[in-house]
>>> print(open('structure26.cif').read())   # mmCIF, C-alpha atoms
data_input
loop_
_atom_site.label_atom_id
_atom_site.label_comp_id
_atom_site.auth_asym_id
_atom_site.auth_seq_id
_atom_site.Cartn_x
_atom_site.Cartn_y
_atom_site.Cartn_z
CA MET A 1 79.16 90.87 90.65
CA ALA A 2 76.66 93.42 89.51
CA ASN A 3 78.33 96.10 87.47
CA ILE A 4 76.04 99.02 88.08
CA GLU A 5 77.08 102.65 87.82
CA ARG A 6 76.36 103.63 91.38
CA PRO A 7 76.41 107.28 92.39
CA LEU A 8 79.78 108.22 93.81
CA SER A 9 80.25 110.56 96.69
CA PRO A 10 81.89 113.80 95.55
CA HIS A 11 85.67 113.64 95.77
CA LEU A 12 88.13 115.96 97.51
CA GLN A 13 88.48 118.55 94.72
CA ILE A 14 84.83 119.53 94.93
CA TYR A 15 84.92 120.73 98.53
CA LYS A 16 85.91 124.11 99.85
CA TRP A 17 88.88 123.57 102.16
CA PRO A 18 87.84 124.22 105.73
CA LEU A 19 90.59 124.64 108.34
CA ALA A 20 90.02 121.19 109.85
CA MET A 21 90.61 119.50 106.49
CA ALA A 22 93.78 121.49 105.80
CA ILE A 23 95.27 120.75 109.23
CA SER A 24 94.33 117.09 108.92
CA ILE A 25 96.34 116.57 105.74
CA LEU A 26 99.10 118.86 107.06
CA HIS A 27 99.46 116.47 110.01
CA ARG A 28 100.43 113.72 107.57
CA ILE A 29 102.62 115.93 105.40
CA THR A 30 104.51 117.30 108.42
CA GLY A 31 104.80 113.73 109.73
CA VAL A 32 106.58 112.62 106.55
CA ALA A 33 108.73 115.78 106.55
CA LEU A 34 109.74 115.10 110.15
CA ALA A 35 110.62 111.49 109.28
CA ILE A 36 113.07 112.89 106.73
CA GLY A 37 114.33 115.34 109.38
CA ALA A 38 114.89 112.40 111.74
CA VAL A 39 117.30 110.92 109.19
CA LEU A 40 119.27 114.19 109.28
CA MET A 41 119.29 114.08 113.08
CA VAL A 42 120.84 110.59 113.09
CA THR A 43 123.37 111.71 110.44
CA ILE A 44 124.43 114.60 112.70
CA LEU A 45 124.74 112.26 115.71
CA ILE A 46 126.93 109.86 113.71
CA ALA A 47 129.07 112.81 112.56
CA VAL A 48 129.55 113.98 116.15
CA ALA A 49 130.38 110.41 117.20
CA SER A 50 133.00 110.16 114.43
CA ASP A 51 135.43 113.10 114.67
CA THR A 52 135.92 116.86 114.32
CA GLN A 53 136.38 116.79 110.52
CA CYS A 54 133.19 114.84 110.07
CA TYR A 55 131.31 117.30 112.30
CA GLU A 56 132.78 120.34 110.55
CA TRP A 57 131.79 118.84 107.20
CA ILE A 58 128.11 118.49 108.11
CA HIS A 59 128.15 121.74 110.13
CA GLY A 60 129.31 123.52 106.96
CA TYR A 61 126.22 122.33 105.13
CA LEU A 62 123.86 123.35 107.93
CA VAL A 63 124.87 126.98 108.43
CA ASN A 64 124.10 128.41 104.97
CA LYS A 65 120.89 130.35 104.28
CA ILE A 66 119.06 127.62 102.33
CA SER A 67 119.70 125.10 105.13
CA LYS A 68 118.44 127.58 107.68
CA VAL A 69 115.20 128.00 105.72
CA PHE A 70 114.79 124.22 105.75
CA LEU A 71 115.61 124.02 109.47
CA PHE A 72 113.09 126.79 110.16
CA LEU A 73 110.38 124.95 108.17
CA TRP A 74 111.28 121.74 110.00
CA THR A 75 110.89 123.53 113.33
CA PHE A 76 107.46 124.80 112.29
CA ALA A 77 106.47 121.33 111.03
CA LEU A 78 107.63 119.87 114.33
CA PHE A 79 105.47 122.18 116.44
CA LEU A 80 102.47 122.00 114.11
CA HIS A 81 102.61 118.20 114.32
CA LEU A 82 103.18 118.33 118.09
CA PHE A 83 100.30 120.67 118.90
CA ASN A 84 97.92 119.00 116.47
CA GLY A 85 98.97 115.72 118.08
CA ILE A 86 97.89 117.11 121.45
CA ARG A 87 94.60 118.12 119.78
CA HIS A 88 94.23 114.51 118.62
CA LEU A 89 94.88 113.26 122.16
CA PHE A 90 92.03 115.44 123.44
CA TRP A 91 89.76 113.97 120.75
CA ASP A 92 90.89 110.47 121.81
CA ALA A 93 89.84 111.35 125.36
CA GLY A 94 86.45 112.43 124.02
CA TYR A 95 86.77 116.23 124.25
CA GLY A 96 86.46 119.01 121.70
CA PHE A 97 84.26 117.47 119.03
CA GLU A 98 81.93 120.46 118.61
CA LYS A 99 82.32 122.06 115.18
CA SER A 100 83.04 125.47 116.69
CA THR A 101 85.53 123.91 119.12
CA THR A 102 87.47 122.12 116.37
CA THR A 103 87.86 125.38 114.48
CA LYS A 104 89.04 127.17 117.62
CA SER A 105 91.47 124.38 118.55
CA GLY A 106 92.72 124.36 114.95
CA VAL A 107 93.48 128.08 115.09
CA GLY A 108 95.05 127.51 118.52
CA VAL A 109 97.34 124.83 117.09
CA ILE A 110 98.60 127.16 114.35
CA ILE A 111 99.15 130.08 116.76
CA ALA A 112 100.95 127.84 119.28
CA ALA A 113 103.14 126.40 116.51
CA PHE A 114 104.11 129.91 115.36
CA ILE A 115 104.88 131.09 118.90
CA LEU A 116 107.07 128.07 119.72
CA THR A 117 108.86 128.19 116.35
CA PHE A 118 109.76 131.86 116.79
CA SER A 119 110.71 131.28 120.45
CA VAL A 120 113.13 128.50 119.50
CA TRP A 121 114.74 130.63 116.76
CA ALA A 122 114.86 133.66 119.02
CA ALA A 123 116.62 131.52 121.64
CA ALA A 124 119.03 130.28 118.97
CA TYR A 125 119.91 133.80 117.79
CA TYR A 126 120.19 135.14 121.34
CA CYS A 127 122.51 132.32 122.43
CA THR A 128 124.65 132.54 119.29
CA ASN A 129 125.29 136.26 119.77
CA VAL A 130 126.06 136.08 123.49
CA MET B 1 75.36 85.56 124.12
CA THR B 2 77.32 86.09 120.94
CA LEU B 3 76.64 88.40 118.02
CA ARG B 4 78.74 86.33 115.64
CA THR B 5 77.12 84.14 113.02
CA PRO B 6 77.46 80.32 113.31
CA LEU B 7 79.68 80.36 110.19
CA SER B 8 82.09 82.92 111.61
CA GLU B 9 82.27 80.94 114.87
CA ALA B 10 83.05 77.76 112.94
CA LYS B 11 85.79 79.52 110.97
CA GLY B 12 87.28 80.68 114.23
CA LEU B 13 88.74 83.85 112.74
CA GLY B 14 88.32 87.28 114.20
CA SER B 15 90.02 89.43 116.76
CA ALA B 16 93.69 88.70 117.25
CA LYS B 17 93.35 90.45 120.64
CA GLU B 18 95.69 93.24 119.61
CA GLY B 19 93.32 95.46 117.71
CA ALA B 20 94.20 98.57 119.68
CA GLY B 21 97.92 97.79 119.91
CA HIS B 22 99.04 100.02 117.07
CA TRP B 23 96.70 102.83 118.12
CA TRP B 24 97.81 102.67 121.74
CA LEU B 25 101.56 102.65 121.02
CA GLN B 26 101.17 105.60 118.67
CA ARG B 27 99.56 107.56 121.54
CA LEU B 28 102.06 106.31 124.11
CA THR B 29 105.06 107.40 122.02
CA ALA B 30 103.27 110.68 121.19
CA ILE B 31 102.79 111.51 124.89
CA ALA B 32 106.44 110.68 125.61
CA LEU B 33 107.56 112.86 122.71
CA ILE B 34 105.69 116.01 123.84
CA PRO B 35 108.07 117.00 126.68
CA LEU B 36 111.12 115.43 125.01
CA THR B 37 110.60 117.40 121.79
CA ILE B 38 110.03 120.76 123.48
CA TRP B 39 113.13 120.22 125.64
CA LEU B 40 115.28 119.13 122.69
CA ALA B 41 114.21 121.99 120.40
CA PHE B 42 115.18 124.64 122.97
CA ALA B 43 118.30 122.78 124.13
CA VAL B 44 119.65 122.52 120.57
CA ALA B 45 118.73 126.16 119.87
CA MET B 46 120.67 127.24 122.97
CA LEU B 47 123.88 125.38 122.07
CA GLY B 48 125.32 128.75 121.11
CA ASP B 49 128.43 128.66 118.87
CA ALA B 50 127.80 124.92 118.22
CA SER B 51 131.51 124.17 118.02
CA TYR B 52 132.50 120.51 118.10
CA GLU B 53 133.65 120.83 121.72
CA THR B 54 130.41 122.49 122.84
CA VAL B 55 128.21 119.85 121.17
CA LEU B 56 130.38 116.99 122.46
CA ALA B 57 130.37 118.30 126.03
CA TRP B 58 126.60 118.74 125.91
CA LEU B 59 126.02 115.22 124.58
CA GLN B 60 128.28 113.82 127.31
CA THR B 61 126.11 115.25 130.08
CA PRO B 62 124.42 112.18 131.65
CA TYR B 63 120.83 113.48 131.65
CA VAL B 64 121.18 114.69 128.05
CA ALA B 65 122.42 111.27 126.93
CA VAL B 66 119.50 109.53 128.66
CA LEU B 67 116.86 111.93 127.32
CA LEU B 68 118.29 111.78 123.79
CA ILE B 69 118.35 107.97 123.75
CA LEU B 70 114.70 108.03 124.85
CA PHE B 71 113.96 110.66 122.20
CA VAL B 72 115.56 108.64 119.39
CA ALA B 73 113.79 105.44 120.45
CA ALA B 74 110.36 107.09 120.79
CA THR B 75 110.83 109.08 117.58
CA PHE B 76 111.57 106.09 115.36
CA TYR B 77 108.89 103.95 116.98
CA HIS B 78 106.38 106.76 116.39
CA THR B 79 107.72 107.34 112.86
CA GLN B 80 107.36 103.66 111.96
CA LEU B 81 103.77 103.55 113.24
CA GLY B 82 102.83 106.76 111.44
CA LEU B 83 104.44 105.93 108.10
CA GLN B 84 102.84 102.47 108.23
CA VAL B 85 99.36 104.03 108.32
CA ILE B 86 100.18 106.37 105.43
CA ILE B 87 101.59 103.51 103.33
CA GLU B 88 98.56 101.32 104.08
CA ASP B 89 96.32 104.14 102.87
CA TYR B 90 98.06 105.05 99.63
CA VAL B 91 100.15 102.06 98.49
CA HIS B 92 98.60 98.75 97.46
CA GLY B 93 99.48 95.19 96.51
CA TRP B 94 103.07 93.95 96.48
CA LEU B 95 104.47 97.46 96.54
CA LYS B 96 102.75 97.98 99.89
CA ILE B 97 104.43 94.93 101.42
CA VAL B 98 107.84 95.90 100.02
CA THR B 99 107.48 99.51 101.23
CA LEU B 100 106.35 98.40 104.68
CA ILE B 101 109.32 96.03 105.06
CA PHE B 102 111.70 98.75 103.84
CA ILE B 103 110.29 101.40 106.22
CA ASN B 104 110.35 98.97 109.15
CA PHE B 105 113.98 98.02 108.57
CA LEU B 106 114.96 101.64 107.96
CA CYS B 107 113.35 102.88 111.18
CA ILE B 108 114.99 100.13 113.24
CA ALA B 109 118.38 100.73 111.60
CA LEU B 110 118.18 104.49 112.16
CA ALA B 111 117.13 104.06 115.79
CA VAL B 112 120.02 101.66 116.44
CA ALA B 113 122.49 103.93 114.61
CA GLY B 114 121.33 106.99 116.57
CA ILE B 115 121.51 105.22 119.94
CA ALA B 116 124.89 103.64 119.10
CA ALA B 117 126.26 107.10 118.18
CA LEU B 118 124.92 108.58 121.43
CA LEU B 119 126.43 105.75 123.50
CA LYS B 120 129.80 106.10 121.76
CA ILE B 121 129.83 109.83 122.51
CA PHE B 122 128.74 109.32 126.12
CA LEU B 123 130.98 106.39 127.05
#
>>> encode(input="structure26.cif", output="structure tokens")
Amino acid sequence: MANIERPLSPHLQIYKWPLAMAISILHRITGVALAIGAVLMVTILIAVASDTQCYEWIHGYLVNKISKVFLFLWTFALFLHLFNGIRHLFWDAGYGFEKSTTTKSGVGVIIAAFILTFSVWAAAYYCTNV
Amino acid sequence: MTLRTPLSEAKGLGSAKEGAGHWWLQRLTAIALIPLTIWLAFAVAMLGDASYETVLAWLQTPYVAVLLILFVAATFYHTQLGLQVIIEDYVHGWLKIVTLIFINFLCIALAVAGIAALLKIFL
């Protein structure tokens, strides 16, 4: 094999971070975060299937402030991943490849994720206080 | 007419006829998860006091049990497919194989555990 120092394409650090790039890597990061959240979901289901004590035990961990911050971030990750997933499905179908369109759909994904996250938490607070 | 070289034809390797399988299942589970996720997020948020009795009664509702079993199945299938791609991108050699086996087993085990818990609650 020839061992020639070929010019390398510039690596990630050299680029300015456009929105599309940030959302792209966020899709993966939120995916991993949600996989961890899925483990928690199964843990809760097993606790409910066991007995009251088991449920109270895990419920106790979930209602403090730090847990709520995590649950809020998980909710946001969930909707960011969901709406960006829909964006990916449109790309798969062959729509929305224009540079201006990808920026607009990217902004749309973030706005939609914020709206749904706050709606879910508003619903939670409303139903808890009723 | 074929675009393959005589050598590649003689070797007989090539498409295993399932090239788009992973891609397609990732999309299929994604589409299933869109309505399921939105429903679940609001349904859980609206559980109110979230006492044991409330949660149990909710999980024993037939349509909830069905939708949640579907959600758990689609979630872990989608998770396995997604994590596989990430591992294939960033982990190499033996570690890749070991991680892939571990993630596969873990996703299947969690899916079975989740569905078993849901069935126990429902039945």
>>> closest_residue(input="structure26.cif", among="B:Leu25, B:Leu110, B:Ile69, B:Val85", to="chain A", atoms="all atoms listed in the file")
B:Leu110
>>> closest_residue(input="structure26.cif", among="A:Lys68, A:His81, A:Lys99, A:Arg28", to="Ile34 (chain B)", atoms="all atoms listed in the file")
A:His81
>>> closest_atom_pairs(input="structure26.cif", of="chain B", to="chain A", cutoff="10 Å", atoms="all atoms listed in the file", output="tab-separated table")
residue	atom	partner	partner_atom	distance
B:Arg27	CA	A:Leu89	CA	7.4
B:Ala30	CA	A:Gly85	CA	7.3
B:Ile31	CA	A:Ile86	CA	8.2
B:Leu33	CA	A:Leu82	CA	8.4
B:Ile34	CA	A:Leu82	CA	6.7
B:Pro35	CA	A:Leu82	CA	10.0
B:Thr37	CA	A:Leu82	CA	8.3
B:Ile38	CA	A:Phe79	CA	8.5
B:Ala41	CA	A:Val120	CA	6.7
B:Phe42	CA	A:Val120	CA	5.6
B:Ala43	CA	A:Val120	CA	9.0
B:Val44	CA	A:Ala124	CA	7.9
B:Ala45	CA	A:Ala124	CA	4.2
B:Met46	CA	A:Ala124	CA	5.3
B:Leu47	CA	A:Cys127	CA	7.1
B:Gly48	CA	A:Thr128	CA	4.3
B:Asp49	CA	A:Thr128	CA	5.4
B:Ala50	CA	A:Thr128	CA	8.3
B:Ser51	CA	A:Glu56	CA	8.5
B:Tyr52	CA	A:Thr52	CA	6.3
B:Glu53	CA	A:Thr52	CA	8.7
B:Val55	CA	A:Val48	CA	7.8
B:Leu56	CA	A:Val48	CA	7.0
B:Leu59	CA	A:Val48	CA	9.2
B:Val72	CA	A:Val42	CA	8.4
B:Thr75	CA	A:Ala38	CA	7.8
B:Phe76	CA	A:Ala38	CA	8.0
B:His78	CA	A:Ala35	CA	9.5
B:Thr79	CA	A:Ala35	CA	6.2
B:Gln80	CA	A:Ala35	CA	8.9
B:Gly82	CA	A:Gly31	CA	7.4
B:Leu83	CA	A:Val32	CA	7.2
B:Val85	CA	A:Arg28	CA	9.8
B:Ile86	CA	A:Arg28	CA	7.7
B:Leu106	CA	A:Val39	CA	9.6
B:Cys107	CA	A:Val39	CA	9.2
B:Leu110	CA	A:Val42	CA	6.7
B:Ala111	CA	A:Val42	CA	8.0
B:Val112	CA	A:Val42	CA	9.6
B:Ala113	CA	A:Val42	CA	7.0
B:Gly114	CA	A:Val42	CA	5.0
B:Ile115	CA	A:Val42	CA	8.7
B:Ala116	CA	A:Ile46	CA	8.5
B:Ala117	CA	A:Ile46	CA	5.3
B:Leu118	CA	A:Leu45	CA	6.8
B:Leu119	CA	A:Ala49	CA	8.8
B:Lys120	CA	A:Ala49	CA	6.3
B:Ile121	CA	A:Ala49	CA	5.4
B:Phe122	CA	A:Ala49	CA	9.1
>>> atom_distance(input="structure26.cif", atom1="CA of Gly37 (chain A)", atom2="CA of Phe72 (chain A)")
11.5 Å
>>> atom_distance(input="structure26.cif", atom1="CA of Gln84 (chain B)", atom2="CA of Phe102 (chain B)")
10.6 Å
>>> atom_distance(input="structure26.cif", atom1="CA of Lys96 (chain B)", atom2="CA of Leu13 (chain B)")
23.7 Å
>>> decode(input="structure26.cif", residues="region 55-120 of chain A", atoms="C-alpha atoms", output="JSON list (two decimals), in the first residue's frame")
[["chain", "number", "residue", "atom", "x", "y", "z"],
["A", 55, "TYR", "CA", -44.70, 1.34, 43.44],
["A", 56, "GLU", "CA", -44.44, 3.76, 46.37],
["A", 57, "TRP", "CA", -40.69, 3.17, 46.47],
["A", 58, "ILE", "CA", -40.13, 4.17, 42.84],
["A", 59, "HIS", "CA", -42.81, 6.89, 43.03],
["A", 60, "GLY", "CA", -40.84, 8.44, 45.90],
["A", 61, "TYR", "CA", -37.80, 8.76, 43.68],
["A", 62, "LEU", "CA", -39.77, 10.28, 40.80],
["A", 63, "VAL", "CA", -41.52, 13.16, 42.57],
["A", 64, "ASN", "CA", -38.53, 15.16, 43.82],
["A", 65, "LYS", "CA", -37.29, 18.26, 41.97],
["A", 66, "ILE", "CA", -34.18, 16.71, 40.39],
["A", 67, "SER", "CA", -36.25, 13.83, 38.98],
["A", 68, "LYS", "CA", -38.75, 16.28, 37.59],
["A", 69, "VAL", "CA", -35.97, 18.16, 35.78],
["A", 70, "PHE", "CA", -34.85, 14.86, 34.26],
["A", 71, "LEU", "CA", -38.43, 13.93, 33.32],
["A", 72, "PHE", "CA", -38.90, 17.35, 31.73],
["A", 73, "LEU", "CA", -35.68, 16.96, 29.70],
["A", 74, "TRP", "CA", -36.79, 13.46, 28.70],
["A", 75, "THR", "CA", -40.12, 14.86, 27.52],
["A", 76, "PHE", "CA", -38.31, 17.47, 25.43],
["A", 77, "ALA", "CA", -35.92, 14.84, 24.04],
["A", 78, "LEU", "CA", -38.91, 12.66, 23.19],
["A", 79, "PHE", "CA", -40.65, 15.37, 21.17],
["A", 80, "LEU", "CA", -37.46, 16.64, 19.54],
["A", 81, "HIS", "CA", -36.70, 13.09, 18.40],
["A", 82, "LEU", "CA", -40.32, 12.54, 17.33],
["A", 83, "PHE", "CA", -40.66, 15.71, 15.25],
["A", 84, "ASN", "CA", -37.20, 15.39, 13.74],
["A", 85, "GLY", "CA", -38.15, 11.80, 12.94],
["A", 86, "ILE", "CA", -41.17, 13.10, 11.03],
["A", 87, "ARG", "CA", -38.78, 15.49, 9.24],
["A", 88, "HIS", "CA", -36.65, 12.47, 8.30],
["A", 89, "LEU", "CA", -39.73, 10.66, 6.98],
["A", 90, "PHE", "CA", -40.45, 13.61, 4.68],
["A", 91, "TRP", "CA", -36.86, 13.46, 3.43],
["A", 92, "ASP", "CA", -37.28, 9.70, 2.87],
["A", 93, "ALA", "CA", -40.34, 10.49, 0.74],
["A", 94, "GLY", "CA", -38.23, 12.96, -1.25],
["A", 95, "TYR", "CA", -39.56, 16.28, 0.10],
["A", 96, "GLY", "CA", -37.89, 19.24, 1.77],
["A", 97, "PHE", "CA", -34.31, 19.00, 0.55],
["A", 98, "GLU", "CA", -33.91, 22.69, -0.34],
["A", 99, "LYS", "CA", -31.38, 24.40, 1.93],
["A", 100, "SER", "CA", -33.89, 27.06, 2.96],
["A", 101, "THR", "CA", -36.54, 24.38, 3.58],
["A", 102, "THR", "CA", -34.27, 22.31, 5.84],
["A", 103, "THR", "CA", -33.57, 25.37, 7.98],
["A", 104, "LYS", "CA", -37.28, 26.17, 8.20],
["A", 105, "SER", "CA", -38.23, 22.57, 9.03],
["A", 106, "GLY", "CA", -35.42, 22.48, 11.61],
["A", 107, "VAL", "CA", -36.80, 25.58, 13.34],
["A", 108, "GLY", "CA", -40.28, 24.05, 13.06],
["A", 109, "VAL", "CA", -39.09, 20.87, 14.78],
["A", 110, "ILE", "CA", -37.69, 22.83, 17.73],
["A", 111, "ILE", "CA", -40.82, 25.00, 18.08],
["A", 112, "ALA", "CA", -43.12, 21.96, 17.86],
["A", 113, "ALA", "CA", -41.02, 20.12, 20.45],
["A", 114, "PHE", "CA", -41.25, 23.09, 22.85],
["A", 115, "ILE", "CA", -45.02, 23.44, 22.37],
["A", 116, "LEU", "CA", -45.71, 19.74, 22.96],
["A", 117, "THR", "CA", -43.35, 19.55, 25.95],
["A", 118, "PHE", "CA", -45.03, 22.50, 27.66],
["A", 119, "SER", "CA", -48.50, 21.18, 26.74],
["A", 120, "VAL", "CA", -47.76, 17.80, 28.35]]
